[in-house]
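Peer 1: I am sharing entry17.csv, which consists of CSV, C-alpha atoms:
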```
chain,number,residue,atom,x,y,z
A,1,MET,CA,-7.0,-32.4,7.5
A,2,TYR,CA,-9.0,-33.4,10.6
A,3,LYS,CA,-11.7,-36.0,10.2
A,4,ARG,CA,-15.2,-34.7,9.2
A,5,ARG,CA,-18.5,-35.8,10.6
A,6,ARG,CA,-20.0,-35.9,7.1
A,7,MET,CA,-19.0,-34.2,4.0
A,8,LEU,CA,-21.0,-31.5,2.3
A,9,ALA,CA,-21.1,-32.1,-1.4
A,10,PHE,CA,-20.7,-28.4,-1.9
A,11,ALA,CA,-23.2,-26.3,-0.2
A,12,THR,CA,-26.2,-28.5,0.4
A,13,VAL,CA,-27.4,-25.6,2.5
A,14,GLY,CA,-27.1,-21.8,2.2
A,15,ALA,CA,-23.9,-20.9,4.0
A,16,VAL,CA,-23.7,-17.9,6.2
A,17,MET,CA,-20.1,-17.7,7.3
A,18,CYS,CA,-16.8,-15.7,7.2
A,19,THR,CA,-14.4,-16.5,4.5
A,20,GLY,CA,-10.7,-17.3,4.8
A,21,GLY,CA,-8.3,-20.0,3.8
A,22,PHE,CA,-6.4,-19.9,0.5
A,23,MET,CA,-7.1,-17.2,-2.0
A,24,PRO,CA,-8.3,-17.9,-5.5
A,25,SER,CA,-5.6,-18.3,-8.2
A,26,ALA,CA,-4.8,-15.5,-10.6
A,27,SER,CA,-6.9,-17.0,-13.3
A,28,GLN,CA,-9.9,-17.2,-10.9
A,29,ALA,CA,-9.3,-13.6,-9.8
A,30,ALA,CA,-9.4,-12.6,-13.5
A,31,ASP,CA,-12.9,-13.9,-13.7
A,32,SER,CA,-14.1,-11.6,-10.9
A,33,GLY,CA,-16.8,-10.2,-13.2
A,34,ASP,CA,-18.2,-13.6,-13.9
A,35,GLY,CA,-19.7,-14.5,-10.6
A,36,GLY,CA,-19.8,-18.2,-11.5
A,37,LYS,CA,-16.3,-19.5,-12.5
A,38,LYS,CA,-14.6,-18.8,-9.2
A,39,LYS,CA,-15.3,-21.4,-6.5
A,40,SER,CA,-16.8,-20.5,-3.2
A,41,TYR,CA,-15.1,-21.0,0.1
A,42,ALA,CA,-17.4,-23.8,1.2
A,43,GLU,CA,-16.9,-25.6,-2.1
A,44,THR,CA,-13.1,-25.2,-2.0
A,45,HIS,CA,-12.7,-26.4,1.6
A,46,HIS,CA,-15.4,-29.1,1.8
A,47,LEU,CA,-17.2,-27.9,4.9
A,48,THR,CA,-19.7,-30.3,6.5
A,49,ALA,CA,-23.3,-29.5,6.8
A,50,ASP,CA,-22.9,-29.2,10.6
A,51,ASP,CA,-20.0,-26.8,10.1
A,52,VAL,CA,-22.1,-24.6,7.8
A,53,GLU,CA,-25.1,-24.6,10.1
A,54,ASN,CA,-23.0,-23.6,13.2
A,55,ILE,CA,-21.1,-20.9,11.4
A,56,ASN,CA,-24.4,-19.6,10.1
A,57,ALA,CA,-25.8,-19.5,13.6
A,58,LEU,CA,-22.8,-17.9,15.2
A,59,ASN,CA,-22.7,-15.1,12.6
A,60,GLU,CA,-26.4,-14.4,13.2
A,61,ARG,CA,-25.7,-14.3,16.9
A,62,ALA,CA,-22.9,-11.8,16.3
A,63,LEU,CA,-25.2,-9.5,14.3
A,64,ALA,CA,-27.8,-9.7,17.0
A,65,LEU,CA,-25.2,-8.7,19.6
A,66,GLY,CA,-24.4,-5.7,17.5
A,67,ARG,CA,-28.0,-4.7,17.5
A,68,PRO,CA,-29.2,-5.0,21.1
A,69,SER,CA,-32.8,-4.4,20.2
A,70,ALA,CA,-32.8,-7.2,17.7
A,71,SER,CA,-33.0,-10.9,18.2
A,72,PRO,CA,-31.7,-13.8,16.1
A,73,PRO,CA,-34.1,-14.8,13.4
A,74,PHE,CA,-33.8,-18.4,14.4
A,75,ARG,CA,-32.8,-20.5,17.4
A,76,ILE,CA,-29.1,-21.1,17.8
A,77,PRO,CA,-28.4,-24.8,17.5
A,78,ASP,CA,-27.1,-26.5,20.6
A,79,SER,CA,-24.1,-27.7,18.6
A,80,ALA,CA,-23.1,-24.1,18.0
A,81,GLY,CA,-22.1,-24.0,21.7
A,82,ASP,CA,-18.7,-25.4,20.7
A,83,ARG,CA,-17.5,-21.8,20.2
A,84,VAL,CA,-14.8,-21.1,22.7
A,85,ILE,CA,-13.3,-17.8,23.9
A,86,PRO,CA,-9.5,-18.1,23.3
A,87,PRO,CA,-7.5,-18.1,26.5
A,88,ALA,CA,-5.6,-15.1,27.8
A,89,GLU,CA,-2.0,-14.8,26.5
A,90,PRO,CA,0.8,-13.4,28.7
A,91,LEU,CA,1.4,-9.8,27.9
A,92,ASP,CA,5.2,-10.3,27.5
A,93,ARG,CA,5.0,-13.3,25.2
A,94,MET,CA,6.2,-12.5,21.7
A,95,PRO,CA,4.2,-13.9,18.7
A,96,ASP,CA,5.6,-16.7,16.5
A,97,ALA,CA,6.1,-16.0,12.9
A,98,TYR,CA,3.1,-16.3,10.6
A,99,GLN,CA,3.1,-18.7,7.7
A,100,PRO,CA,3.4,-16.6,4.5
A,101,SER,CA,2.0,-18.0,1.2
A,102,GLY,CA,1.1,-16.3,-2.0
A,103,GLY,CA,0.3,-12.8,-0.8
A,104,ARG,CA,-1.2,-14.0,2.5
A,105,ALA,CA,0.2,-14.8,6.0
A,106,THR,CA,-1.6,-17.2,8.3
A,107,THR,CA,-1.7,-17.9,12.0
A,108,VAL,CA,-3.9,-19.4,14.7
A,109,VAL,CA,-6.0,-17.0,16.8
A,110,ASN,CA,-3.9,-17.5,20.0
A,111,ASN,CA,-0.8,-16.2,18.2
A,112,TYR,CA,-2.8,-13.3,16.7
A,113,ILE,CA,-3.7,-12.3,20.3
A,114,ARG,CA,0.0,-12.3,21.2
A,115,LYS,CA,0.7,-10.1,18.2
A,116,TRP,CA,-2.2,-7.8,18.9
A,117,GLN,CA,-0.9,-7.3,22.4
A,118,GLN,CA,2.6,-6.4,21.2
A,119,ALA,CA,1.7,-4.3,18.1
A,120,TYR,CA,-2.0,-3.2,18.1
A,121,SER,CA,-3.1,-2.9,21.7
A,122,HIS,CA,-1.3,0.2,22.8
A,123,ARG,CA,-3.3,2.8,24.8
A,124,ASP,CA,-1.4,6.0,25.4
A,125,GLY,CA,1.8,4.2,24.5
A,126,LYS,CA,1.3,1.3,26.9
A,127,LYS,CA,0.7,-2.3,25.8
A,128,GLN,CA,-2.6,-3.8,27.0
A,129,GLN,CA,-3.6,-7.4,27.5
A,130,MET,CA,-6.6,-8.4,25.5
A,131,THR,CA,-9.5,-8.7,27.8
A,132,GLU,CA,-12.0,-11.5,28.0
A,133,GLU,CA,-14.7,-9.3,26.4
A,134,GLN,CA,-12.3,-8.6,23.5
A,135,ARG,CA,-11.4,-12.2,23.1
A,136,ASP,CA,-15.0,-13.1,23.1
A,137,LYS,CA,-15.6,-10.7,20.2
A,138,LEU,CA,-12.6,-11.9,18.3
A,139,SER,CA,-13.8,-15.5,18.6
A,140,TYR,CA,-16.6,-14.9,16.1
A,141,GLY,CA,-14.3,-15.1,13.1
A,142,CYS,CA,-13.8,-12.6,10.3
A,143,VAL,CA,-16.1,-9.9,11.7
A,144,GLY,CA,-14.5,-10.6,15.1
A,145,VAL,CA,-11.2,-9.3,13.9
A,146,THR,CA,-12.7,-6.0,12.8
A,147,TRP,CA,-14.9,-5.9,15.9
A,148,VAL,CA,-12.0,-6.2,18.4
A,149,ASN,CA,-10.1,-3.5,16.6
A,150,SER,CA,-12.9,-1.0,15.9
A,151,GLY,CA,-14.5,-1.2,19.3
A,152,PRO,CA,-18.2,-1.0,18.5
A,153,TYR,CA,-19.7,-3.7,16.2
A,154,PRO,CA,-19.3,-2.5,12.5
A,155,THR,CA,-22.3,-0.6,11.4
A,156,ASN,CA,-21.2,0.0,7.7
A,157,LYS,CA,-22.9,3.4,7.5
A,158,LEU,CA,-20.0,5.3,5.9
A,159,ALA,CA,-19.3,2.9,3.1
A,160,PHE,CA,-17.6,3.9,-0.1
A,161,ALA,CA,-17.3,2.3,-3.5
A,162,TYR,CA,-16.5,3.2,-7.1
A,163,PHE,CA,-18.8,2.2,-10.1
A,164,ASP,CA,-17.9,3.0,-13.7
A,165,GLU,CA,-21.2,3.9,-15.2
A,166,ASN,CA,-19.7,4.5,-18.7
A,167,LYS,CA,-18.1,1.0,-18.7
A,168,TYR,CA,-21.3,-0.6,-17.5
A,169,LYS,CA,-23.4,1.1,-20.3
A,170,ASN,CA,-20.8,0.4,-23.0
A,171,ASP,CA,-20.4,-3.3,-22.0
A,172,LEU,CA,-24.2,-3.7,-22.0
A,173,GLU,CA,-24.5,-2.2,-25.5
A,174,ASN,CA,-21.4,-3.8,-27.1
A,175,THR,CA,-21.1,-7.3,-25.6
A,176,ARG,CA,-23.5,-10.2,-25.7
A,177,PRO,CA,-24.4,-12.8,-23.1
A,178,ARG,CA,-22.3,-15.9,-23.0
A,179,PRO,CA,-23.7,-19.2,-24.2
A,180,ASN,CA,-26.6,-20.3,-22.0
A,181,GLU,CA,-26.3,-17.1,-19.9
A,182,THR,CA,-29.6,-15.5,-18.9
A,183,ARG,CA,-30.2,-11.8,-19.3
A,184,ALA,CA,-30.2,-11.4,-15.5
A,185,GLU,CA,-26.9,-13.3,-15.2
A,186,PHE,CA,-25.4,-11.2,-18.0
A,187,GLU,CA,-26.4,-7.9,-16.4
A,188,GLY,CA,-25.2,-9.0,-13.0
A,189,ARG,CA,-21.9,-10.0,-14.4
A,190,ILE,CA,-21.4,-6.7,-16.3
A,191,ALA,CA,-22.4,-4.7,-13.2
A,192,LYS,CA,-20.0,-6.7,-11.0
A,193,ALA,CA,-17.1,-6.0,-13.5
A,194,SER,CA,-17.9,-2.3,-13.5
A,195,PHE,CA,-17.0,-1.9,-9.8
A,196,ASP,CA,-13.4,-0.9,-9.1
A,197,GLU,CA,-12.4,-1.8,-5.6
A,198,ARG,CA,-9.0,-0.1,-5.9
A,199,LYS,CA,-10.7,3.2,-6.7
A,200,GLY,CA,-13.3,2.6,-4.0
A,201,PHE,CA,-10.6,2.1,-1.4
A,202,LYS,CA,-8.8,5.2,-2.6
A,203,ARG,CA,-12.0,7.2,-2.2
A,204,ALA,CA,-12.4,6.0,1.4
A,205,ARG,CA,-8.8,6.9,2.2
A,206,ASP,CA,-9.2,10.4,0.7
A,207,VAL,CA,-12.3,11.0,2.8
A,208,ALA,CA,-10.7,9.6,5.9
A,209,SER,CA,-7.8,12.0,5.4
A,210,ILE,CA,-10.1,15.0,5.1
A,211,MET,CA,-11.9,13.9,8.3
A,212,ASN,CA,-8.6,13.5,10.2
A,213,ASN,CA,-7.6,17.0,9.2
A,214,ALA,CA,-10.9,18.3,10.5
A,215,LEU,CA,-10.4,16.5,13.8
A,216,GLU,CA,-7.2,18.3,14.5
A,217,ASN,CA,-7.6,21.0,17.2
A,218,ALA,CA,-11.4,20.5,17.2
A,219,HIS,CA,-12.4,20.2,20.8
A,220,ASP,CA,-16.2,20.0,20.3
A,221,GLU,CA,-18.4,18.6,17.7
A,222,GLY,CA,-19.4,22.0,16.3
A,223,ALA,CA,-15.8,22.9,15.7
A,224,TYR,CA,-15.2,19.5,14.0
A,225,ILE,CA,-18.2,20.0,11.6
A,226,ASP,CA,-17.1,23.5,10.8
A,227,ASN,CA,-13.5,22.2,10.1
A,228,LEU,CA,-14.9,19.4,8.0
A,229,LYS,CA,-17.0,21.7,5.8
A,230,LYS,CA,-14.0,23.9,5.2
A,231,GLU,CA,-11.8,20.9,4.3
A,232,LEU,CA,-14.4,19.6,1.9
A,233,ALA,CA,-14.8,23.0,0.3
A,234,ASN,CA,-11.0,23.4,-0.1
A,235,ASN,CA,-10.9,20.0,-1.8
A,236,ASN,CA,-14.0,20.8,-3.9
A,237,ASP,CA,-15.5,17.5,-2.6
A,238,ALA,CA,-19.1,16.6,-3.4
A,239,LEU,CA,-19.6,15.5,0.2
A,240,ARG,CA,-19.9,19.2,1.3
A,241,TYR,CA,-23.4,19.1,-0.1
A,242,GLU,CA,-24.5,16.3,2.1
A,243,ASP,CA,-27.5,17.0,4.4
A,244,SER,CA,-26.4,18.2,7.8
A,245,HIS,CA,-28.3,15.3,9.4
A,246,SER,CA,-26.8,12.6,7.1
A,247,ASN,CA,-24.7,9.7,8.2
A,248,PHE,CA,-21.7,11.5,7.0
A,249,TYR,CA,-22.0,14.4,9.4
A,250,SER,CA,-23.4,12.4,12.3
A,251,ALA,CA,-20.9,9.5,12.1
A,252,LEU,CA,-18.5,10.8,14.9
A,253,ARG,CA,-21.4,11.6,17.2
A,254,ASP,CA,-22.8,8.0,16.7
A,255,THR,CA,-19.5,6.3,17.5
A,256,PRO,CA,-19.8,4.9,21.1
A,257,SER,CA,-16.1,5.3,21.9
A,258,PHE,CA,-16.3,9.0,21.1
A,259,LYS,CA,-18.5,9.5,24.1
A,260,GLU,CA,-16.7,7.2,26.5
A,261,ARG,CA,-14.6,8.6,29.3
A,262,TYR,CA,-11.6,6.5,28.3
A,263,GLY,CA,-12.2,7.0,24.6
A,264,GLY,CA,-12.8,10.4,23.0
A,265,ASN,CA,-14.7,11.8,26.1
A,266,GLY,CA,-16.6,14.0,23.7
A,267,ASP,CA,-13.4,15.6,22.3
A,268,PRO,CA,-13.1,15.2,18.5
A,269,SER,CA,-9.4,15.9,18.6
A,270,LYS,CA,-8.9,12.7,20.5
A,271,MET,CA,-10.4,10.6,17.7
A,272,LYS,CA,-9.1,9.4,14.3
A,273,ALA,CA,-10.9,8.1,11.2
A,274,VAL,CA,-9.9,4.5,10.1
A,275,ILE,CA,-11.0,2.0,7.5
A,276,TYR,CA,-12.3,-1.5,7.2
A,277,SER,CA,-13.9,-3.4,4.3
A,278,LYS,CA,-16.9,-5.6,3.7
A,279,HIS,CA,-17.5,-8.0,0.8
A,280,PHE,CA,-21.1,-9.1,0.3
A,281,TRP,CA,-23.8,-10.0,-2.3
A,282,SER,CA,-26.1,-7.4,-4.0
A,283,GLY,CA,-29.2,-9.5,-4.5
A,284,GLN,CA,-30.8,-9.2,-1.1
A,285,ASP,CA,-34.4,-8.5,-1.9
A,286,ARG,CA,-36.3,-11.6,-0.6
A,287,TRP,CA,-39.4,-10.6,-2.5
A,288,GLY,CA,-37.7,-9.6,-5.8
A,289,SER,CA,-36.7,-11.5,-8.8
A,290,SER,CA,-35.1,-14.9,-8.0
A,291,ASP,CA,-32.6,-14.2,-10.8
A,292,LYS,CA,-31.5,-11.1,-9.0
A,293,ARG,CA,-30.8,-13.1,-5.9
A,294,LYS,CA,-28.9,-15.6,-8.0
A,295,TYR,CA,-27.0,-13.3,-10.3
A,296,GLY,CA,-27.0,-10.0,-8.4
A,297,ASP,CA,-29.0,-6.9,-8.6
A,298,PRO,CA,-27.3,-4.5,-11.1
A,299,GLU,CA,-29.0,-1.5,-9.4
A,300,ALA,CA,-28.3,-2.4,-5.8
A,301,PHE,CA,-25.6,-0.9,-3.6
A,302,ARG,CA,-24.2,1.4,-6.2
A,303,PRO,CA,-22.3,4.4,-4.9
A,304,ALA,CA,-23.8,7.9,-5.2
A,305,PRO,CA,-22.3,9.8,-8.1
A,306,GLY,CA,-19.7,12.3,-6.9
A,307,THR,CA,-19.6,11.3,-3.2
A,308,GLY,CA,-19.0,7.6,-3.6
A,309,LEU,CA,-21.2,6.9,-0.6
A,310,VAL,CA,-23.1,3.6,-0.7
A,311,ASP,CA,-26.5,3.4,1.0
A,312,MET,CA,-26.1,0.3,3.1
A,313,SER,CA,-29.5,0.6,4.8
A,314,LYS,CA,-30.9,-2.4,2.8
A,315,ASP,CA,-27.9,-4.7,3.6
A,316,ARG,CA,-29.2,-7.5,5.7
A,317,SER,CA,-26.2,-9.8,5.2
A,318,ILE,CA,-28.3,-12.2,3.0
A,319,PRO,CA,-26.2,-14.6,1.0
A,320,ARG,CA,-26.4,-15.2,-2.7
A,321,SER,CA,-29.2,-17.6,-3.7
A,322,PRO,CA,-28.1,-21.0,-5.2
A,323,THR,CA,-27.5,-20.9,-8.9
A,324,ASN,CA,-28.0,-24.7,-9.0
A,325,PRO,CA,-30.3,-27.0,-7.0
A,326,GLY,CA,-28.9,-27.7,-3.6
A,327,GLY,CA,-26.2,-25.0,-3.9
A,328,GLY,CA,-25.4,-22.1,-1.6
A,329,TYR,CA,-23.0,-19.3,-0.8
A,330,VAL,CA,-21.6,-17.4,2.1
A,331,ASN,CA,-22.9,-14.0,3.0
A,332,PHE,CA,-20.0,-11.7,3.9
A,333,ASP,CA,-16.4,-11.2,4.7
A,334,TYR,CA,-14.8,-8.4,6.8
A,335,GLY,CA,-11.2,-7.1,6.5
A,336,TRP,CA,-9.5,-4.6,8.9
A,337,PHE,CA,-7.2,-1.9,7.5
A,338,GLY,CA,-7.0,0.7,10.2
A,339,ALA,CA,-4.9,3.7,9.4
A,340,GLN,CA,-1.9,2.4,7.4
A,341,THR,CA,-0.2,5.1,5.5
A,342,ASP,CA,1.5,3.4,2.6
A,343,ALA,CA,0.3,5.1,-0.6
A,344,ASP,CA,0.6,2.0,-2.7
A,345,ALA,CA,-2.6,-0.1,-2.2
A,346,ASP,CA,-0.8,-3.3,-3.1
A,347,LYS,CA,1.5,-2.8,-0.1
A,348,THR,CA,-1.3,-2.5,2.4
A,349,THR,CA,-2.3,-5.4,4.7
A,350,TRP,CA,-5.9,-6.5,5.4
A,351,THR,CA,-6.5,-8.6,8.6
A,352,HIS,CA,-9.4,-11.0,8.6
A,353,GLY,CA,-10.3,-14.5,9.8
A,354,ASP,CA,-12.1,-17.7,8.8
A,355,HIS,CA,-14.6,-19.3,11.0
A,356,TYR,CA,-15.4,-19.0,14.7
A,357,HIS,CA,-13.0,-20.5,17.2
A,358,ALA,CA,-14.0,-24.1,18.0
A,359,PRO,CA,-10.7,-25.9,18.8
A,360,ASP,CA,-12.4,-28.9,20.3
A,361,SER,CA,-14.8,-29.5,17.4
A,362,ASP,CA,-14.3,-30.9,13.9
A,363,LEU,CA,-14.3,-27.3,12.7
A,364,GLY,CA,-11.1,-26.6,14.5
A,365,PRO,CA,-9.4,-23.4,15.7
A,366,MET,CA,-10.0,-20.0,14.2
A,367,HIS,CA,-7.2,-18.7,11.9
A,368,VAL,CA,-6.3,-15.1,11.3
A,369,TYR,CA,-5.0,-13.9,7.9
A,370,GLU,CA,-3.0,-10.9,6.8
A,371,SER,CA,-3.6,-10.4,3.1
A,372,LYS,CA,-2.2,-8.0,0.6
A,373,PHE,CA,-4.8,-5.7,-1.1
A,374,ARG,CA,-4.7,-7.6,-4.4
A,375,ASN,CA,-5.7,-10.9,-2.6
A,376,TRP,CA,-8.2,-9.2,-0.3
A,377,SER,CA,-10.0,-7.5,-3.2
A,378,ALA,CA,-10.2,-10.6,-5.4
A,379,GLY,CA,-13.0,-12.1,-3.4
A,380,TYR,CA,-15.0,-15.3,-4.1
A,381,ALA,CA,-18.0,-16.2,-6.2
A,382,ASP,CA,-20.0,-15.4,-3.1
A,383,PHE,CA,-19.6,-11.7,-3.5
A,384,ASP,CA,-20.2,-9.0,-6.1
A,385,ARG,CA,-19.8,-5.9,-3.9
A,386,GLY,CA,-16.8,-4.6,-2.0
A,387,THR,CA,-17.2,-1.5,0.1
A,388,TYR,CA,-14.6,0.4,2.1
A,389,THR,CA,-16.0,1.9,5.3
A,390,ILE,CA,-14.8,4.7,7.6
A,391,THR,CA,-15.2,4.4,11.4
A,392,PHE,CA,-13.7,6.3,14.3
A,393,ILE,CA,-11.4,5.1,17.1
A,394,PRO,CA,-9.5,7.1,19.8
A,395,LYS,CA,-6.1,8.2,18.7
A,396,SER,CA,-4.7,6.6,21.8
A,397,TRP,CA,-5.6,3.2,20.3
A,398,ASN,CA,-2.8,1.7,18.2
A,399,THR,CA,-5.0,-0.9,16.5
A,400,ALA,CA,-3.9,0.5,13.1
A,401,PRO,CA,-0.1,0.5,13.0
A,402,ASP,CA,1.6,2.0,10.0
A,403,LYS,CA,3.5,-1.2,9.2
A,404,VAL,CA,2.2,-4.8,9.6
A,405,THR,CA,5.1,-7.0,8.9
A,406,GLN,CA,4.7,-10.1,11.0
A,407,GLY,CA,5.0,-13.3,8.9
A,408,TRP,CA,6.1,-11.5,5.7
A,409,PRO,CA,9.5,-12.1,4.1
```
Starting from the file, lay out its structure as C-alpha cells.
Peer 2:
Amino acid sequence: MYKRRRMLAFATVGAVMCTGGFMPSASQAADSGDGGKKKSYAETHHLTADDVENINALNERALALGRPSASPPFRIPDSAGDRVIPPAEPLDRMPDAYQPSGGRATTVVNNYIRKWQQAYSHRDGKKQQMTEEQRDKLSYGCVGVTWVNSGPYPTNKLAFAYFDENKYKNDLENTRPRPNETRAEFEGRIAKASFDERKGFKRARDVASIMNNALENAHDEGAYIDNLKKELANNNDALRYEDSHSNFYSALRDTPSFKERYGGNGDPSKMKAVIYSKHFWSGQDRWGSSDKRKYGDPEAFRPAPGTGLVDMSKDRSIPRSPTNPGGGYVNFDYGWFGAQTDADADKTTWTHGDHYHAPDSDLGPMHVYESKFRNWSAGYADFDRGTYTITFIPKSWNTAPDKVTQGWP
C-alpha cells in the first residue's frame, strides 16, 4: 500500500465516490437486506479525508459536465487538480492479462485503454484509438467507464428494477425488528431485501430486445415507434400503454449520438439498445425524515407495477446519511454491460472502476474491474437500490462485445 497523508477513521466525512476494489464476502453479500452489516468501500480501504474530499469533488464535476446548464454545488478544491488524463496508447499494442480474483478481474486504466482499443473501439469494423476527449471522460472513475462506452453522459431515464410487493408486505407483517433496530431501519431493511436485481436486469434485457427488434428496418423515428408498439403488443407488454410523450418513447430521439452524422444520422436502423447499471441510495430527500436518509425510504425509487420502469427524476446522487456520528457513505456506482448475449446472468461481465485517475498522488492510478453479475449485484452498505438502464449507441460501435474474456481463466 502507498503511504497515506492521514488516515480516515472510517468516513469522517460524507463520501461521494465511485466504488471498486475487492467485493464483499459471501457472508456479507447474504446480508444485502440489512444495510448495516456490510462494510462500505471507504471503511474497507481506509481512504484519507483528502482522498474522499477530492473524489467527492471530481464526481460532482462529472455530473456538472453531464448537465451543461448546471454548475457544481461547491468549489472544486485545488487539490482535486491531481486528476490526470491517461496518456494515449499505441493502437497496435495488445493488453496485458488482467488479475482475476474471486469473480472479478482487475487492471490499471492504461491497460484497459489498450483492451478497449482492441476489443471495444471498433467503428464499422475498424479499430479506433481512444481520443483525448474519451480518455478525459474515462479518467473520472466508475461513471467514466460507462461514459466512454455510452457516448453521452448517463442520464438514467430508462431505468428498470423489480420489487416484490407481496414479499415486502408479508415480511412487514410476519417478522419483527431486530434488537435495537428502529422502525425506520426495519422498514428500510425489508424494502431493500424485496428488490431482486436479477429480475430487474432480466426486465431491462427483455425490453432492450423488443427495442432492438423495432429498430430493424426502421429508417425514421415514426417507423421505429410504430414497430415498437407492434412488438410491445405482440409481447403483451405493459409498456405499450405508456404515454406517447414519455421517456420510454422519446428515449431514442433524446440520444445525442442518434442525431450525429457519424452516429445514427437520424436513422433508427443504425442504432442499438444497450444496458448499464447504477447502484445508489434511496433516502435522498434532504427535507424528509433523517431516519429515511439513514435507513432508506421504503417508498422511493420503486418500479412501476407491470412496466418495471423506475422514476429517476428525484435521483440527485445524494449519499446515505451517517448511521453513527462522524460516519458517511458513497453515493453511487456505475457498471457497463453493453449488449452481451449470454442468457445466464451469472456469466455476464460488468465493467466499472474505482476512483479517478491520479497516479502522482497518494490516491494512485485508477483501476478498472470486470465483475461477474453475482459480484456486481452484491453491492455495499452504501446502496439499497440497483437499477438497470437502457440507452442507445450506434450499431457501428463495438463497445458491447458478446464475450469479455480478458483476465478470466
Peer 1: CA of Lys270 in chain A to CA of Ser257 in chain A: how many Å, to one decimal?
Peer 2: 10.4 Å
Peer 1: Residues within 6 Å of range 87-98 of chain A, please, as a ChimeraX atom specification. Count all atoms listed in the file; anything in the same chain fewer than 3 positions from it doesn't count.
Peer 2: /A:105-107,111,114-115,129,407
Peer 1: May I ask which of the residues A:Tyr388, A:Tyr168, A:Tyr112, A:Tyr334 is the closest one to Gly144 in chain A, counting only C-alpha atoms?
Peer 2: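 Under the stated criterion, the closest residue is A:Tyr334.
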Peer 1: If we count only C-alpha atoms, what is near Glu299 in chain A at a cut-off of 10 Å, once residues fewer than 5 positions away on the same chain are taken out, given as a list of chain:residue names?
Peer 2: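 Listed by chain and then number, they are A:Glu187, A:Gly188, A:Ala191, A:Ser282, A:Gly283, A:Lys292.
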Peer 1: Find, counting only C-alpha atoms, the residue in A:Thr387, A:Thr351, A:Gln340, A:Asn324 that gets nearest to Ser209 in chain A.
Peer 2: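 Using only C-alpha atoms, Ser209 in chain A sits closest to A:Gln340.
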Peer 1: So that I can check the surroundings of Asp82 in chain A, please list as a list in words every protein, DNA and RNA residue that reaches within 12 Å of it, counting all atoms listed in the file and ignoring chain neighbours fewer than 5 positions away.
Peer 2: Asp50, Asp51, Asn54, Ile55, Ala57, Leu58, Ile76, Pro77, Ser139, Tyr140, Tyr356, His357, Ala358, Pro359, Asp360, Ser361, Asp362, Leu363, Gly364 and Pro365 of chain A
Peer 1: For the atom pair CA of Gln134 in chain A and CA of Tyr153 in chain A, what is the interatomic distance in Å to one decimal place?
Peer 2: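 Separating CA of Gln134 in chain A from CA of Tyr153 in chain A is a distance of 11.5 Å.
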Peer 1: At a cut-off of 12 Å, using all atoms listed in the file, what residues contact Val145 in chain A? Leave out same-chain residues fewer than 4 positions from it and give the result as a PyMOL selection string.
Peer 2: chain A and resi 18+109+112-113+116+120+134-141+149-154+276-277+333-338+350-357+366-370+399
Peer 1: Starting from 8 Å padding per side, set up an axis-aligned box that covers all listed atoms of range 275-287 of chain A and hand over centre and edge lengths in Å, one decimal, as lines of an AutoDock Vina configuration file.
Peer 2:
```
center_x = -25.2
center_y = -4.8
center_z = 1.5
size_x = 44.4
size_y = 29.6
size_z = 28.0
```
Peer 1: Tell me, as a ChimeraX atom specification, which residues lie within 10 Å of Ala238 in chain A, counting only C-alpha atoms; anything in the same chain fewer than 6 positions away does not count.
Peer 2: /A:232,305-308
Peer 1: Nearest to Thr131 in chain A: which of A:Ala251, A:Ile85, A:Leu239, A:Ala381 is it, counting only C-alpha atoms?
Peer 2: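 Result for the nearest residue to Thr131 in chain A: A:Ile85.
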Peer 1: What does the distance from CA of Tyr162 in chain A to CA of Trp376 in chain A come to in Å, to one decimal?
Peer 2: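 Answer for the CA of Tyr162 in chain A to CA of Trp376 in chain A separation: 16.4 Å.
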Peer 1: When distances are computed from all atoms listed in the file, which of A:Asn227, A:Thr391, A:Thr155, A:Gln284 shows the smallest separation from Arg240 in chain A?
Peer 2: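 Checking each of A:Asn227, A:Thr391, A:Thr155, A:Gln284 against Arg240 in chain A, counting all atoms listed in the file, the winner is A:Asn227.
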Peer 1: Choose the residue, out of A:Gly200, A:Gly296, A:Gly266, A:Gly222, that has the smallest atom-to-atom separation from Glu185 in chain A; count all atoms listed in the file.
Peer 2: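 Using all atoms listed in the file, the shortest distance to Glu185 in chain A belongs to A:Gly296.
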Peer 1: Is it possible to produce a file of range 194-222 of chain A from this structure, with C-alpha atoms, as an mmCIF file, in the first residue's frame?
Peer 2:
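Listed below is the output, selection_37.cif:
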```
data_model
loop_
_atom_site.group_PDB
_atom_site.id
_atom_site.type_symbol
_atom_site.label_atom_id
_atom_site.label_comp_id
_atom_site.auth_asym_id
_atom_site.auth_seq_id
_atom_site.Cartn_x
_atom_site.Cartn_y
_atom_site.Cartn_z
ATOM 1 C CA SER A 194 -37.649 -7.047 -1.511
ATOM 2 C CA PHE A 195 -35.754 -5.820 -4.569
ATOM 3 C CA ASP A 196 -34.473 -8.546 -6.895
ATOM 4 C CA GLU A 197 -31.632 -7.267 -9.093
ATOM 5 C CA ARG A 198 -31.555 -10.433 -11.170
ATOM 6 C CA LYS A 199 -35.190 -9.928 -12.184
ATOM 7 C CA GLY A 200 -34.618 -6.217 -12.704
ATOM 8 C CA PHE A 201 -31.736 -6.999 -15.044
ATOM 9 C CA LYS A 202 -33.860 -9.542 -16.920
ATOM 10 C CA ARG A 203 -36.618 -6.978 -17.356
ATOM 11 C CA ALA A 204 -34.166 -4.485 -18.862
ATOM 12 C CA ARG A 205 -32.798 -7.142 -21.225
ATOM 13 C CA ASP A 206 -36.304 -8.131 -22.361
ATOM 14 C CA VAL A 207 -37.217 -4.518 -23.104
ATOM 15 C CA ALA A 208 -33.909 -3.892 -24.898
ATOM 16 C CA SER A 209 -34.610 -6.933 -27.079
ATOM 17 C CA ILE A 210 -38.041 -5.547 -28.003
ATOM 18 C CA MET A 211 -36.483 -2.179 -28.828
ATOM 19 C CA ASN A 212 -33.795 -3.756 -30.979
ATOM 20 C CA ASN A 213 -36.417 -5.680 -32.946
ATOM 21 C CA ALA A 214 -38.283 -2.413 -33.508
ATOM 22 C CA LEU A 215 -35.119 -0.674 -34.738
ATOM 23 C CA GLU A 216 -34.625 -3.184 -37.538
ATOM 24 C CA ASN A 217 -35.558 -1.729 -40.926
ATOM 25 C CA ALA A 218 -36.947 1.439 -39.316
ATOM 26 C CA HIS A 219 -35.398 4.343 -41.203
ATOM 27 C CA ASP A 220 -37.231 7.162 -39.432
ATOM 28 C CA GLU A 221 -38.482 7.726 -35.925
ATOM 29 C CA GLY A 222 -42.138 7.279 -36.860
#
```
